[in-house]
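Trainee: Sending over a structure as structure tokens; questions will come in a sec.
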Amino acid sequence: MSGSRVRTMTRVVHLSSVHPRYDTRIFLKQCRSLAKAGYDVLLVVADGQGNEVKDDVAILDVGKPISRLKRIFLTTRLLAIRAAELDADIYHLHDPELMPVGVKLKRLGKCVVFDAHEDVPRQILGKPYLGKLSRLFLSWLLRHFEGWACKRFDAIVTATPFIRDKFLLINSKSVDINNFPMLGELSCDGKLEEKLSQVCYVGGITAIRGIREVISSMNQVKTQVRLQLVGRFSEASVYKEAKNNPGWLSVDELGFQDREGVRKTMARCIGGLVTFHPLPNHVDAQPNKMFEYMSAGIPVIASDFPLWREIVVGNDCGLCVDPMNPESIAEAIDYLATHPEEATRMGNNGKTAVQQRYNWKHEEKKLLTLYEVLTASGATRRQ
């Protein structure tokens with residue numbers, strides 16, 4: 001679709017074999033920001049939904065894989081072929097399994113950026129379905145390959161300062177571009193009386209993200225608060241267990257919602273839950289949903305990790321709890337329900353913090369600066 005277009009701008013290709021085409025970080029933030037800044041932006045995905053042009057971004061589809069193995073071995077190959085055909089100036093990779101594609105592109109003399117959304121070697125250490133020795137070996141193997149490959153790339157983009165610091169030891173051209181909200185996207189001004197009966201959890205639903213404890217907490221709350229559950233369960237057994245939990249009677253299962261649906265749900269709530277388990281990849285993370293709750297003006301109920309406490313308590317925008325203790329979560333929910341003025345004040349503090357610091361506008365400037373440096377340094381091919 002875009003290979004025949006006349007080259008008048010720096011061409012940028014973003015690649016993902018895993019993420020949906022309208023992914024918040026990749027499409028809504030990075031691709032649209034680059035297109036608005038005058039880059040010729042293409043996004044290559046593998047979802048089976050076909051090609052399209054949206055918001056000046058050309059989206060190219062190589063087809064949806066029928067299994068995880070097909071995705072890893074076939075889809076990545078298709079992405080590599082399509083990427084080479086597009087003959088871009090800058091390639092921006094968003095999945096660890098695409099690092100070999102990046103190495104091949106470097107051998108072709110291309111400018112390659114790797115985007116580390118998470119610290120995957122640490123994430124593997126928290127996978128409950130892997131044995132201890134398997135976790136240690138796979139983590140070690142990926143960390144070594146990651147270091148070997150990323151040393152060759154022109155730049156590393158990371159989702160948090162913690163991940164950036166790790167990659168700085170590998171590649172000096174590493175920059176954190178945080179996954180902060182877009183200003184105004186989720187902002188809502190619901191009336192106080194409409195915010196007294198619901199809390200929400202928004203995002204992927206898994207055991208390690210605390211869904212068992214959250215559902216159990218709903219059986220312990222003393223107020224008439226209901227949980228608005230937005231997202232999809234990743235584990236069938238956990239879903240079955242959750243539905244059999246007595247706390248499920250106080251849950252409204254809303255499934256996946258688009259951005260407008262998320263905004264409307266948050267507008268009805270007195271708080272947002274992000275109570276991940278204390279696993280290696282969680283304690284130093286900056287969950288996007290935490291900042292989205294803040295952007296929506298609702299208090300955050302968050303795991304009591306040092307970094308999260310610094311954000312939540314430091315900005316006086318919510319409460320920190322023991323994520324492994326349903327009673328602790330229930331107490332926080334009850335506190336917000338019985339202290340509406342305090343909840344409103346915390347919510348306003350969170351919104352102010354996002355407006356002043358934790359927003360995409362600041363991160364967008366860092367992204368554009370990085371691309372300007374790559375172009376000016378001669379890392380990209382001139383037309």
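Ligands are numbered from 1 in the order shown, chains are lettered A, B, ... in the order of the structure tokens, and residues start at 1 in each chain.
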In range 142-227 of chain A, what's strand (DSSP E or B) per DSSP? Answer as a list in words?
Mentor: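 Strand (DSSP E or B) members of range 142-227 of chain A, listed: Ala155, Ile156, Val157, Thr158, Ser174, Val175, Asp176, Gln198, Val199, Cys200, Tyr201, Val202, Ile205, Arg226 and Leu227 of chain A.
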Trainee: What are the nearest atom pairs, with distances in Å to one decimal, for all residues of range 256-347 of chain A that come at most 9 Å from range 125-139 of chain A, using only C-alpha atoms, set out by chain and rising residue number as a tab-separated table?
Mentor:
```
residue	atom	partner	partner_atom	distance
A:Leu279	CA	A:Gly126	CA	5.9
A:Pro280	CA	A:Gly126	CA	6.7
A:Asn281	CA	A:Gly126	CA	7.3
```
Trainee: Name the residues of range 97-198 of chain A that come out as helix (DSSP H, G or I) in a backbone DSSP run; write them as a PyMOL selection string.
Mentor: chain A and resi 97-107+120-124+132-150+161-168+192-194
Trainee: Filtering to N, CA and C atoms, could you give me those residues as a tab-separated table (two decimals), in the first residue's frame?
Mentor:
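New file again_34.tsv:
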```tsv
chain	number	residue	atom	x	y	z
A	97	GLU	N	10.63	-10.79	20.51
A	97	GLU	CA	10.84	-11.80	19.48
A	97	GLU	C	11.24	-11.20	18.14
A	98	LEU	N	11.18	-9.86	18.04
A	98	LEU	CA	11.59	-9.18	16.80
A	98	LEU	C	13.05	-8.73	16.84
A	99	MET	N	13.74	-8.99	17.94
A	99	MET	CA	15.15	-8.60	17.99
A	99	MET	C	15.98	-9.24	16.88
A	100	PRO	N	15.76	-10.53	16.55
A	100	PRO	CA	16.51	-11.10	15.41
A	100	PRO	C	16.22	-10.36	14.10
A	101	VAL	N	14.97	-9.88	13.93
A	101	VAL	CA	14.63	-9.08	12.75
A	101	VAL	C	15.45	-7.80	12.74
A	102	GLY	N	15.59	-7.19	13.92
A	102	GLY	CA	16.39	-5.98	14.02
A	102	GLY	C	17.84	-6.21	13.66
A	103	VAL	N	18.38	-7.35	14.08
A	103	VAL	CA	19.77	-7.69	13.74
A	103	VAL	C	19.93	-7.83	12.24
A	104	LYS	N	18.97	-8.47	11.57
A	104	LYS	CA	19.02	-8.61	10.11
A	104	LYS	C	18.95	-7.25	9.43
A	105	LEU	N	18.10	-6.38	9.93
A	105	LEU	CA	17.97	-5.04	9.35
A	105	LEU	C	19.27	-4.25	9.52
A	106	LYS	N	19.92	-4.43	10.66
A	106	LYS	CA	21.21	-3.75	10.87
A	106	LYS	C	22.24	-4.24	9.86
A	107	ARG	N	22.20	-5.53	9.54
A	107	ARG	CA	23.14	-6.07	8.54
A	107	ARG	C	22.88	-5.49	7.16
A	120	VAL	N	11.70	-8.04	30.15
A	120	VAL	CA	11.20	-9.39	29.91
A	120	VAL	C	12.00	-10.47	30.66
A	121	PRO	N	13.33	-10.38	30.73
A	121	PRO	CA	14.04	-11.40	31.51
A	121	PRO	C	13.57	-11.45	32.97
A	122	ARG	N	13.27	-10.30	33.56
A	122	ARG	CA	12.72	-10.28	34.92
A	122	ARG	C	11.29	-10.79	34.93
A	123	GLN	N	10.55	-10.48	33.89
A	123	GLN	CA	9.17	-10.92	33.80
A	123	GLN	C	9.08	-12.44	33.79
A	124	ILE	N	10.01	-13.09	33.10
A	124	ILE	CA	10.01	-14.55	33.02
A	124	ILE	C	10.17	-15.16	34.41
A	132	LYS	N	11.11	-23.64	38.35
A	132	LYS	CA	12.13	-22.70	38.79
A	132	LYS	C	13.36	-22.73	37.89
A	133	LEU	N	13.86	-23.93	37.56
A	133	LEU	CA	15.05	-24.04	36.72
A	133	LEU	C	14.78	-23.51	35.32
A	134	SER	N	13.58	-23.77	34.79
A	134	SER	CA	13.21	-23.26	33.46
A	134	SER	C	13.18	-21.74	33.46
A	135	ARG	N	12.60	-21.17	34.52
A	135	ARG	CA	12.54	-19.71	34.61
A	135	ARG	C	13.93	-19.11	34.64
A	136	LEU	N	14.81	-19.68	35.45
A	136	LEU	CA	16.16	-19.15	35.57
A	136	LEU	C	16.92	-19.27	34.26
A	137	PHE	N	16.79	-20.44	33.59
A	137	PHE	CA	17.52	-20.64	32.34
A	137	PHE	C	17.01	-19.72	31.24
A	138	LEU	N	15.67	-19.65	31.06
A	138	LEU	CA	15.12	-18.80	30.01
A	138	LEU	C	15.42	-17.33	30.25
A	139	SER	N	15.37	-16.92	31.50
A	139	SER	CA	15.69	-15.53	31.83
A	139	SER	C	17.14	-15.24	31.50
A	140	TRP	N	18.03	-16.14	31.89
A	140	TRP	CA	19.46	-15.97	31.60
A	140	TRP	C	19.72	-15.92	30.10
A	141	LEU	N	19.09	-16.83	29.36
A	141	LEU	CA	19.28	-16.91	27.91
A	141	LEU	C	18.81	-15.63	27.22
A	142	LEU	N	17.62	-15.17	27.59
A	142	LEU	CA	17.08	-13.97	26.96
A	142	LEU	C	17.89	-12.74	27.32
A	143	ARG	N	18.33	-12.66	28.57
A	143	ARG	CA	19.13	-11.49	28.98
A	143	ARG	C	20.43	-11.41	28.17
A	144	HIS	N	21.05	-12.56	27.93
A	144	HIS	CA	22.30	-12.54	27.17
A	144	HIS	C	22.06	-12.20	25.70
A	145	PHE	N	21.00	-12.78	25.11
A	145	PHE	CA	20.71	-12.44	23.72
A	145	PHE	C	20.29	-10.97	23.60
A	146	GLU	N	19.50	-10.52	24.53
A	146	GLU	CA	19.06	-9.13	24.55
A	146	GLU	C	20.26	-8.19	24.58
A	147	GLY	N	21.23	-8.49	25.43
A	147	GLY	CA	22.43	-7.66	25.52
A	147	GLY	C	23.23	-7.67	24.24
A	148	TRP	N	23.36	-8.88	23.63
A	148	TRP	CA	24.11	-9.01	22.39
A	148	TRP	C	23.45	-8.22	21.25
A	149	ALA	N	22.12	-8.35	21.13
A	149	ALA	CA	21.41	-7.71	20.03
A	149	ALA	C	21.29	-6.19	20.22
A	150	CYS	N	20.91	-5.78	21.42
A	150	CYS	CA	20.63	-4.36	21.65
A	150	CYS	C	21.89	-3.51	21.61
A	161	PRO	N	12.09	4.53	33.65
A	161	PRO	CA	13.49	4.86	33.95
A	161	PRO	C	14.27	3.66	34.46
A	162	PHE	N	13.62	2.76	35.19
A	162	PHE	CA	14.31	1.58	35.71
A	162	PHE	C	14.83	0.72	34.56
A	163	ILE	N	13.99	0.46	33.56
A	163	ILE	CA	14.43	-0.34	32.41
A	163	ILE	C	15.49	0.42	31.62
A	164	ARG	N	15.35	1.73	31.51
A	164	ARG	CA	16.37	2.54	30.83
A	164	ARG	C	17.73	2.36	31.48
A	165	ASP	N	17.78	2.40	32.79
A	165	ASP	CA	19.07	2.27	33.49
A	165	ASP	C	19.72	0.93	33.20
A	166	LYS	N	18.91	-0.12	33.06
A	166	LYS	CA	19.46	-1.43	32.71
A	166	LYS	C	20.08	-1.41	31.33
A	167	PHE	N	19.37	-0.80	30.38
A	167	PHE	CA	19.85	-0.79	29.00
A	167	PHE	C	21.01	0.18	28.79
A	168	LEU	N	21.14	1.19	29.65
A	168	LEU	CA	22.28	2.09	29.52
A	168	LEU	C	23.60	1.35	29.69
A	192	LEU	N	-20.33	14.24	42.40
A	192	LEU	CA	-19.91	13.50	43.58
A	192	LEU	C	-20.87	12.38	43.93
A	193	GLU	N	-22.17	12.65	43.82
A	193	GLU	CA	-23.15	11.64	44.20
A	193	GLU	C	-23.17	10.46	43.23
A	194	GLU	N	-22.57	10.62	42.04
A	194	GLU	CA	-22.50	9.53	41.08
A	194	GLU	C	-21.26	8.66	41.29
```
Trainee: Per residue of range 169-278 of chain A within 9 Å of range 359-377 of chain A, what are the shortest atom pair and its distance in Å to one decimal, counting only C-alpha atoms, with rows by chain and residue number, as CSV?
Mentor:
```
residue,atom,partner,partner_atom,distance
A:Val175,CA,A:Lys366,CA,8.1
A:Asp176,CA,A:Lys366,CA,8.3
A:Ile177,CA,A:Glu363,CA,5.4
A:Asn178,CA,A:Glu363,CA,6.2
A:Asn179,CA,A:Trp360,CA,7.1
A:Phe180,CA,A:Asn359,CA,4.7
A:Pro181,CA,A:Asn359,CA,5.0
A:Met182,CA,A:Trp360,CA,5.0
A:Leu183,CA,A:Asn359,CA,6.2
```
Trainee: So that I have them on file, write out the residues from the current selection with N, CA and C atoms, as a PDB file, in the first residue's frame.
Mentor:
```
ATOM      1  N   VAL A 175      16.846   5.717  26.112  1.00  0.00           N
ATOM      2  CA  VAL A 175      16.043   6.810  26.646  1.00  0.00           C
ATOM      3  C   VAL A 175      14.702   6.262  27.120  1.00  0.00           C
ATOM      4  N   ASP A 176      14.237   6.750  28.256  1.00  0.00           N
ATOM      5  CA  ASP A 176      12.920   6.328  28.733  1.00  0.00           C
ATOM      6  C   ASP A 176      11.855   7.238  28.138  1.00  0.00           C
ATOM      7  N   ILE A 177      10.859   6.624  27.539  1.00  0.00           N
ATOM      8  CA  ILE A 177       9.679   7.331  27.044  1.00  0.00           C
ATOM      9  C   ILE A 177       8.494   6.661  27.722  1.00  0.00           C
ATOM     10  N   ASN A 178       8.065   7.281  28.802  1.00  0.00           N
ATOM     11  CA  ASN A 178       7.097   6.664  29.700  1.00  0.00           C
ATOM     12  C   ASN A 178       5.703   6.599  29.081  1.00  0.00           C
ATOM     13  N   ASN A 179       4.945   5.633  29.551  1.00  0.00           N
ATOM     14  CA  ASN A 179       3.618   5.373  29.001  1.00  0.00           C
ATOM     15  C   ASN A 179       2.551   6.216  29.697  1.00  0.00           C
ATOM     16  N   PHE A 180       2.801   7.507  29.788  1.00  0.00           N
ATOM     17  CA  PHE A 180       1.880   8.386  30.502  1.00  0.00           C
ATOM     18  C   PHE A 180       0.663   8.728  29.639  1.00  0.00           C
ATOM     19  N   PRO A 181      -0.459   9.110  30.264  1.00  0.00           N
ATOM     20  CA  PRO A 181      -1.702   9.367  29.520  1.00  0.00           C
ATOM     21  C   PRO A 181      -1.611  10.586  28.606  1.00  0.00           C
ATOM     22  N   MET A 182      -2.467  10.570  27.611  1.00  0.00           N
ATOM     23  CA  MET A 182      -2.643  11.740  26.756  1.00  0.00           C
ATOM     24  C   MET A 182      -3.587  12.695  27.479  1.00  0.00           C
ATOM     25  N   LEU A 183      -3.195  13.945  27.551  1.00  0.00           N
ATOM     26  CA  LEU A 183      -3.977  14.923  28.297  1.00  0.00           C
ATOM     27  C   LEU A 183      -5.404  15.021  27.764  1.00  0.00           C
TER      28      LEU A 183
END
```
Trainee: Could you list, as a ChimeraX atom specification, every residue within 10 Å of range 201-208 of chain A, counting only C-alpha atoms and ignoring same-chain residues fewer than 2 positions away?
Mentor: /A:126-128,199,210-214,227-239,242,254-257,262,265-266,271-279,282,287-290,292-293,301
Trainee: The selected residues should be written to file as a JSON list (two decimals), in the first residue's frame (atoms: C-alpha atoms).
Mentor:
```json
[["chain", "number", "residue", "atom", "x", "y", "z"],
["A", 126, "GLY", "CA", 7.52, -14.39, 37.67],
["A", 127, "LYS", "CA", 5.88, -16.90, 35.29],
["A", 128, "PRO", "CA", 4.05, -19.37, 37.58],
["A", 199, "VAL", "CA", -14.53, 1.04, 41.94],
["A", 210, "GLY", "CA", -4.04, -9.64, 41.76],
["A", 211, "ILE", "CA", -7.50, -10.58, 40.49],
["A", 212, "ARG", "CA", -8.02, -13.33, 43.10],
["A", 213, "GLU", "CA", -7.37, -10.94, 45.98],
["A", 214, "VAL", "CA", -9.46, -8.17, 44.40],
["A", 227, "LEU", "CA", -16.42, -3.61, 41.18],
["A", 228, "GLN", "CA", -16.46, -2.61, 37.51],
["A", 229, "LEU", "CA", -14.18, -5.18, 35.85],
["A", 230, "VAL", "CA", -12.88, -4.01, 32.48],
["A", 231, "GLY", "CA", -10.69, -6.35, 30.44],
["A", 232, "ARG", "CA", -10.31, -9.98, 29.50],
["A", 233, "PHE", "CA", -9.20, -12.94, 31.59],
["A", 234, "SER", "CA", -6.00, -14.52, 30.25],
["A", 235, "GLU", "CA", -6.37, -17.76, 32.22],
["A", 236, "ALA", "CA", -9.50, -19.89, 31.94],
["A", 237, "SER", "CA", -8.90, -21.56, 35.31],
["A", 238, "VAL", "CA", -8.57, -18.19, 37.06],
["A", 239, "TYR", "CA", -11.79, -16.99, 35.40],
["A", 242, "ALA", "CA", -13.21, -15.91, 40.17],
["A", 254, "LEU", "CA", -17.78, -5.42, 31.44],
["A", 255, "GLY", "CA", -15.25, -7.17, 29.20],
["A", 256, "PHE", "CA", -13.05, -5.24, 26.79],
["A", 257, "GLN", "CA", -13.93, -1.57, 26.31],
["A", 262, "VAL", "CA", -13.05, 3.19, 29.69],
["A", 265, "THR", "CA", -16.56, 3.65, 33.37],
["A", 266, "MET", "CA", -13.92, 5.64, 35.27],
["A", 271, "GLY", "CA", -11.36, 4.65, 42.80],
["A", 272, "GLY", "CA", -9.23, 2.54, 40.49],
["A", 273, "LEU", "CA", -7.42, -0.65, 41.50],
["A", 274, "VAL", "CA", -3.90, -1.63, 40.48],
["A", 275, "THR", "CA", -2.84, -4.24, 43.05],
["A", 276, "PHE", "CA", -0.25, -6.35, 41.27],
["A", 277, "HIS", "CA", 1.65, -9.06, 43.11],
["A", 278, "PRO", "CA", 5.18, -8.23, 44.37],
["A", 279, "LEU", "CA", 7.02, -9.96, 41.53],
["A", 282, "HIS", "CA", 6.13, -5.43, 38.95],
["A", 287, "PRO", "CA", 1.56, 0.62, 35.26],
["A", 288, "ASN", "CA", -0.16, 2.68, 32.63],
["A", 289, "LYS", "CA", -3.50, 2.22, 34.40],
["A", 290, "MET", "CA", -2.21, 3.94, 37.53],
["A", 292, "GLU", "CA", -4.90, 6.72, 33.64],
["A", 293, "TYR", "CA", -6.86, 6.57, 36.91],
["A", 301, "ILE", "CA", -5.65, 1.91, 45.26]]
```
Trainee: Considering only C-alpha atoms, can you say which of A:His339, A:His94, A:Arg32, A:Lys70 comes closest to Val18 in chain A?
Mentor: A:His94
Trainee: Counting only C-alpha atoms, what is within 9 Å of Ile298 in chain A, bar same-chain residues fewer than 5 positions away, as a list in words?
Mentor: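 Here the qualifying residues turn out to be Met266, Ala267, Cys269, Ile270, Gly271, Gly272, Tyr293, Cys317, Gly318, Ala343, Thr344, Met346, Gly347, Asn348, Gly350 and Lys351 of chain A.
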Trainee: Quick one, how far is CA of Ile333 in chain A from CA of Gln356 in chain A?
Mentor: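 Between CA of Ile333 in chain A and CA of Gln356 in chain A the gap works out to 27.0 Å.
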Trainee: Show which residues sit within 7 Å of Ile90 in chain A, as a list of chain:residue names. Count only C-alpha atoms, and ignore same-chain residues fewer than 2 positions away.
Mentor: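 The filter keeps A:Arg11, A:Val12, A:Val13, A:Ala88, A:His92, A:Lys110, A:Cys111, A:Val112, A:Thr380.
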Trainee: Give me the residues near Ser197 in chain A as a list in words, where near means some atom within 7 Å (using only C-alpha atoms) and where sequence neighbours in that chain fewer than 6 positions away do not count.
Mentor: Gln224, Val225 and Arg226 of chain A
Trainee: Excluding Asp55 in chain A and any residue of its chain fewer than 2 positions from it, enumerate the residues within 9 Å of it, using only C-alpha atoms, and give them as a PyMOL selection string.
Mentor: chain A and resi 32+35-36+53+57-58
Trainee: Go ahead and write the residues just picked, N, CA and C atoms, as a compact mmCIF listing (two decimals), in the first residue's frame.
Mentor:
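Output file result18.txt is given in full below:
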```txt
# COMPACT_ATOMS: atom_id res chain seq x y z
N ARG A 32 1.08 8.16 15.94
CA ARG A 32 0.34 9.38 15.64
C ARG A 32 1.17 10.62 15.90
N ALA A 35 3.61 10.92 12.97
CA ALA A 35 2.91 11.35 11.75
C ALA A 35 2.56 12.83 11.82
N LYS A 36 2.12 13.27 12.97
CA LYS A 36 1.78 14.68 13.15
C LYS A 36 3.01 15.57 13.00
N VAL A 53 -5.43 3.01 6.30
CA VAL A 53 -4.75 4.24 6.68
C VAL A 53 -5.61 4.94 7.71
N VAL A 57 -1.43 7.34 9.43
CA VAL A 57 -0.53 6.20 9.64
C VAL A 57 -1.00 5.05 8.75
N ALA A 58 -0.11 4.54 7.90
CA ALA A 58 -0.45 3.40 7.05
C ALA A 58 -0.24 2.11 7.86
```
